[in-house]
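**Student:** Take this structure first; my questions come after.
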Amino acid sequence: MKNQTALSVFYGLFFLICLLPMREGQAQEDIVFFSPEQIRSDLSFLDSFFQQYSAYRDLNGFSYQTAFATFQADVGSDSISKTDLGLFLESVIGGIGDRHAAINGYDLPNSRYLPFTAAPLYDQMLALDYDRSSKQYRSRFPDYPFVIAINEVPVADFLESILTKHISAPGPARHFRAIKLLKYMEECYAIRGQEPPALFDFTLTNGTIDTIVRLPLERNRRSFFTWEDKVAAQFGQEEEELNDAELCAQLGRVDEDGIAYLRLPDMTDPEEAPIFFAYVNDFMDQLSAGNSKALIIDIRGNDGGTRHLIPFLAQYLVHPDAIHVVNVVKQVTDLPNNDDWQGDMERRFLQPRTQLDEREQTAVDHFMRSFKPVYTLNEARFSEYHFMVLNGQKLSTMESYYNRPVYILANERCFSAASILVSAFKGLPNIYIAGQRTDGSSGNSARFKLPNSGLSGKVSTMVSFQKDGNILDGYGTMPDMLIERNLKQIYWLRDYQLESLKEWILASDQ
């Protein structure tokens with residue numbers, strides 16, 4: 001049911017990894033190898049772990065067991081390095097489509113870098129320079145701004161080939177993540193099973209005329225920021241920074257046109273960031289009592305955390321008489337220490353129908369009559385449905401309720417709990433999603449460590465559905481108003497997305 005192009009790319013990458021030679025440029029004595037028996041033991045261990053814990057192992061039309069068998073057959077009697085095993089398992093994770101899953105514990109060569117900054121513009125890629133004094137970008141090759149091939153490989157094909165575990169990400173997030181990774185060109189070539197050449201041919205275009213620029217890779221890691229790092233620095237803060245009162249004071253404002261703005265840089269919780277929650281509470285109380293005409297909640301660049309901000313915001317955004325079912329999940333059952341897993345569900349504000357009050361049960365029953373999940377899950381393997389319900393009677397009052405339009409501004413970097421927030425509020429009265437499609441995911445992870453190679457990782461134990469029946473992983477959430485970046489925003493000259501949204505709000509208010 002998932003994107004067949006992504007799966008086709010996976011299989012191409014999988015067979016490439018199966019046939020990898022020893023990395024050129026690496027001394028054999030520096031590489032850790034494992035025998036076929038050790039690999040077979042590790043894959044057997046992981047197979048058992050997937051069978052017990054992985055919620056996504058059967059959902060994507062991809063057989064990890066077939067991949068394991070093919071890999072072992074191709075390896076034959078040869079030994080395999082930890083790096084090549086790690087890359088293979090990352091490609092398997094990508095094929096399964098579990099966006100929260102990961103493989104850790106192996107290294108890739110990382111001493112040569114892209115000799116310019118790459119940035120996404122729609123489905124294309126720009127070559128940029130960064131001006132440290134102005135903190136702005138400019139075109140590296142003004143007459144030919146777009147990169148269309150790397151050493152004769154079309155950029156789209158090259159980007160798809162380096163994604164491994166992100167191959168099932170929604171299209172915009174997949175493009176965004178691949179361009180970020182492109183800075184680490186030596187890593188990219190290792191993923192592709194190749195040694196990077198001394199000189200690179202970059203094919204550039206202005207849309208009419210193409211040209212080729214030949215450059216060596218950069219040796220100084222700090223010479224070029226990734227464009228994504230600039231996005232993260234602008235929109236994201238670490239959890240500990242959110243206990244800085246001066247920083248929090250910069251997160252909200254009301255402009256002269258009466259449009260309120262609130263930035264949420266991290267999905268933190270009240271225990272970790274009490275000053276941030278106090279600030280948001282005061283800001284929203286003032287808005288509810290004031291005369292702003294609309295509110296923009298900017299969640300761009302927020303890569304997740306916990307769900308606590310969702311019910312916290314609901315006390316202002318959900319009408320006190322309303323009840324909304326906003327997230328539906330099923331958890332793999334028969335797990336060790338199942339009480340602990342149930343506690344994880346409760347910390348995610350997820351409850352089975354039997355634990356809801358009568359009014360909430362009525363809302364769930366009404367919701368389920370039209371709910372059509374994209375997957376029918378095995379009832380013997382999965383729990384009953386658990387629901388995230390926003391009950392205005394328990395959360396809100398007429399005094400706190402913000403009864404004007406609310407616009408949640410999102411982008412393709414919104415991940416995990418941030419993507420859940422976008423999905424949860426989409427479609428609720430007076431709430432609209434603007435910006436770009438999110439990188440949806442929702443996990444509840446179980447962790448493992450392989451007995452021979454020592455590689456570690458995690459897989460998701462629950463499947464999380466949006467209100468429309470799609471899962472979050474691999475789908476994300478589409479905005480009601482698509483606003484993509486333009487060139488001036490790429491150069492960091494203006495925030496085109498925010499300005500465009502404000503213009504739309506002012507025009508609709510007339």
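By order in the structure tokens, chains are A, B, ...; within a chain, residues start at 1; ligands start at 1, following the order shown.
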Set out as JSON lines a contact list for region 62-163 of chain A and region 455-459 of chain A with a cut-off of 12 Å, giving each residue of region 62-163 of chain A that qualifies its closest atom pair and distance in Å to one decimal, counting only C-alpha atoms, ordered by chain and rising residue number.
**Tutor:**
{"residue": "A:Ser81", "atom": "CA", "partner": "A:Leu455", "partner_atom": "CA", "distance": 11.5}
{"residue": "A:Lys82", "atom": "CA", "partner": "A:Leu455", "partner_atom": "CA", "distance": 7.9}
{"residue": "A:Thr83", "atom": "CA", "partner": "A:Leu455", "partner_atom": "CA", "distance": 9.6}
{"residue": "A:Asp84", "atom": "CA", "partner": "A:Leu455", "partner_atom": "CA", "distance": 11.4}
{"residue": "A:Leu85", "atom": "CA", "partner": "A:Leu455", "partner_atom": "CA", "distance": 8.8}
{"residue": "A:Gly86", "atom": "CA", "partner": "A:Leu455", "partner_atom": "CA", "distance": 7.2}
{"residue": "A:Leu87", "atom": "CA", "partner": "A:Leu455", "partner_atom": "CA", "distance": 10.9}
{"residue": "A:Phe88", "atom": "CA", "partner": "A:Leu455", "partner_atom": "CA", "distance": 11.8}
{"residue": "A:Leu89", "atom": "CA", "partner": "A:Leu455", "partner_atom": "CA", "distance": 9.6}
{"residue": "A:Glu90", "atom": "CA", "partner": "A:Gly457", "partner_atom": "CA", "distance": 9.7}
{"residue": "A:Val92", "atom": "CA", "partner": "A:Val459", "partner_atom": "CA", "distance": 11.6}
{"residue": "A:Ile93", "atom": "CA", "partner": "A:Val459", "partner_atom": "CA", "distance": 8.5}
{"residue": "A:Gly94", "atom": "CA", "partner": "A:Val459", "partner_atom": "CA", "distance": 11.4}
{"residue": "A:Ile96", "atom": "CA", "partner": "A:Val459", "partner_atom": "CA", "distance": 10.1}
{"residue": "A:Gly97", "atom": "CA", "partner": "A:Val459", "partner_atom": "CA", "distance": 10.4}
{"residue": "A:Asp98", "atom": "CA", "partner": "A:Val459", "partner_atom": "CA", "distance": 7.1}
{"residue": "A:Arg99", "atom": "CA", "partner": "A:Val459", "partner_atom": "CA", "distance": 8.8}
{"residue": "A:His100", "atom": "CA", "partner": "A:Val459", "partner_atom": "CA", "distance": 6.6}
{"residue": "A:Ala101", "atom": "CA", "partner": "A:Val459", "partner_atom": "CA", "distance": 4.4}
{"residue": "A:Ala102", "atom": "CA", "partner": "A:Gly457", "partner_atom": "CA", "distance": 5.1}
{"residue": "A:Ile103", "atom": "CA", "partner": "A:Gly457", "partner_atom": "CA", "distance": 4.3}
{"residue": "A:Asn104", "atom": "CA", "partner": "A:Ser456", "partner_atom": "CA", "distance": 5.1}
{"residue": "A:Gly105", "atom": "CA", "partner": "A:Leu455", "partner_atom": "CA", "distance": 5.0}
{"residue": "A:Tyr106", "atom": "CA", "partner": "A:Leu455", "partner_atom": "CA", "distance": 7.0}
{"residue": "A:Asp107", "atom": "CA", "partner": "A:Leu455", "partner_atom": "CA", "distance": 10.8}
**Student:** Which residues are close to Val332 (chain A), i.e. within 8 Å by only C-alpha atoms, leaving aside same-chain residues fewer than 2 positions away? Reply as a PyMOL selection string.
**Tutor:** chain A and resi 53-55+330+334-335+381-383+461-462
**Student:** Go ahead and save the picked residues with N, CA, C and O atoms, as a compact mmCIF listing (two decimals), in the first residue's frame.
**Tutor:**
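part.txt was written with the following content:
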# COMPACT_ATOMS: atom_id res chain seq x y z
N TYR A 53 8.29 -7.90 18.89
CA TYR A 53 8.11 -6.50 19.23
C TYR A 53 7.68 -5.59 18.07
O TYR A 53 7.01 -4.58 18.32
N SER A 54 8.09 -5.87 16.86
CA SER A 54 7.89 -4.90 15.78
C SER A 54 6.42 -4.83 15.35
O SER A 54 5.84 -5.81 14.88
N ALA A 55 5.84 -3.65 15.48
CA ALA A 55 4.46 -3.45 15.07
C ALA A 55 4.32 -3.28 13.56
O ALA A 55 3.25 -3.50 13.00
N LYS A 330 -2.92 0.99 18.22
CA LYS A 330 -2.93 -0.38 18.72
C LYS A 330 -1.51 -0.76 19.09
O LYS A 330 -0.57 -0.48 18.35
N ASP A 334 1.20 -9.06 24.60
CA ASP A 334 2.00 -10.20 25.07
C ASP A 334 3.48 -9.85 25.16
O ASP A 334 4.36 -10.64 24.81
N LEU A 335 3.75 -8.63 25.64
CA LEU A 335 5.13 -8.20 25.82
C LEU A 335 5.56 -8.45 27.27
O LEU A 335 4.74 -8.43 28.18
N ARG A 381 -2.59 -10.40 17.82
CA ARG A 381 -1.25 -9.85 18.08
C ARG A 381 -1.29 -8.45 18.67
O ARG A 381 -0.36 -8.02 19.34
N PHE A 382 -2.37 -7.71 18.41
CA PHE A 382 -2.44 -6.32 18.85
C PHE A 382 -3.54 -6.13 19.89
O PHE A 382 -4.52 -6.86 19.94
N SER A 383 -3.34 -5.11 20.69
CA SER A 383 -4.32 -4.75 21.72
C SER A 383 -5.59 -4.21 21.09
O SER A 383 -5.66 -3.98 19.87
N THR A 461 6.57 -0.44 18.80
CA THR A 461 5.67 -1.50 19.24
C THR A 461 4.20 -1.13 19.09
O THR A 461 3.34 -1.91 19.48
N MET A 462 3.92 0.06 18.56
CA MET A 462 2.52 0.42 18.35
C MET A 462 2.35 1.04 16.97
O MET A 462 3.27 1.63 16.42
**Student:** List as a VMD selection string the protein and nucleic acid residues near region 169-186 of chain A, meaning an atom at most 6 Å away when only C-alpha atoms are counted, but skip any in the same chain fewer than 3 places from it.
**Tutor:** chain A and resid 110 112 to 114 159 166 189 412 439 474 to 475
**Student:** Near region 306-311 of chain A, within 7 Å and counting only C-alpha atoms, which residues show up once chain neighbours fewer than 6 positions away are dropped, as a list in words?
**Tutor:** Met267, Thr268, Asp269, Arg348, Leu390, Ala417 and Leu421 of chain A
**Student:** Would you mind exporting N, CA and C atoms of the selected residues as a compact mmCIF listing (two decimals), in the first residue's frame?
**Tutor:**
# COMPACT_ATOMS: atom_id res chain seq x y z
N MET A 267 8.87 19.71 21.78
CA MET A 267 7.74 19.05 22.43
C MET A 267 8.19 18.58 23.81
N THR A 268 8.35 19.51 24.72
CA THR A 268 8.83 19.22 26.05
C THR A 268 7.66 18.96 26.99
N ASP A 269 7.95 18.77 28.28
CA ASP A 269 6.89 18.53 29.25
C ASP A 269 7.05 19.48 30.43
N ARG A 348 1.31 8.76 27.05
CA ARG A 348 1.00 9.34 25.75
C ARG A 348 -0.46 9.77 25.68
N LEU A 390 -9.56 14.55 23.36
CA LEU A 390 -9.51 15.90 23.92
C LEU A 390 -10.91 16.29 24.34
N ALA A 417 6.36 13.51 18.15
CA ALA A 417 5.25 14.17 18.85
C ALA A 417 4.83 15.47 18.19
N LEU A 421 1.02 16.37 17.09
CA LEU A 421 0.30 17.60 17.41
C LEU A 421 -0.41 18.15 16.18
**Student:** Could you please write out, as a count of residues only, every residue of region 67-280 of chain A that DSSP assigns to strand (DSSP E)?
**Tutor:** 51
**Student:** Between A:Ala198, A:Gln315, A:Ile408, A:Arg253, which is the closest to Pro479 (chain A) once you count only C-alpha atoms?
**Tutor:**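 Selected residue with least distance to Pro479 (chain A): A:Ile408.
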**Student:** Please determine, counting only C-alpha atoms, which residue among A:Asp321, A:Glu358, A:Asp210, A:Glu499 has the shortest atom-to-atom distance to Arg485 (chain A).
**Tutor:** A:Glu499
**Student:** In Å, how far is it from CA of Arg359 (chain A) to CA of Ile323 (chain A)?
**Tutor:**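 Between CA of Arg359 (chain A) and CA of Ile323 (chain A) the gap works out to 8.3 Å.
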**Student:** Taking into account only C-alpha atoms, which residue in the set A:Phe349, A:Trp341, A:Trp504, A:Phe415 is nearest to Asn391 (chain A)?
**Tutor:**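 Residue with the minimum atom-to-atom distance to Asn391 (chain A): A:Phe349.
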**Student:** Could you tell me how far CA of Asp298 (chain A) sits from CA of Asn470 (chain A), in Å to one decimal place?
**Tutor:**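 It comes out at 24.0 Å.
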**Student:** Nearest to Asp58 (chain A) among A:Asp344, A:Asn302, A:Thr376, A:Gln466, with distances taken over only C-alpha atoms: which residue is it?
**Tutor:**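 Smallest distance to Asp58 (chain A) is found for A:Thr376.
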**Student:** Taking only C-alpha atoms into account, name the residue in A:Ile483, A:Leu395, A:Ile39, A:Val280 that is nearest to Ala410 (chain A).
**Tutor:**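 Closest to Ala410 (chain A), using only C-alpha atoms: A:Ile483.
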**Student:** Hey, what's within 8 Å of Asp285 (chain A) if we count only C-alpha atoms and toss same-chain stuff fewer than 4 positions away? As a PDB file with C-alpha atoms, in the first residue's frame, please?
**Tutor:**
ATOM      1  CA  ASN A 281      -0.005  29.693  29.836  1.00  0.00           C
ATOM      2  CA  ALA A 289      -8.865  38.035  27.278  1.00  0.00           C
ATOM      3  CA  SER A 400      -9.704  30.206  28.576  1.00  0.00           C
TER       4      SER A 400
END
**Student:** Counting only C-alpha atoms, which residue out of A:Asp74, A:His319, A:Gln52, A:Leu128 sits closest to Leu487 (chain A)?
**Tutor:**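 Of the candidates, the smallest distance to Leu487 (chain A) is held by A:Leu128.
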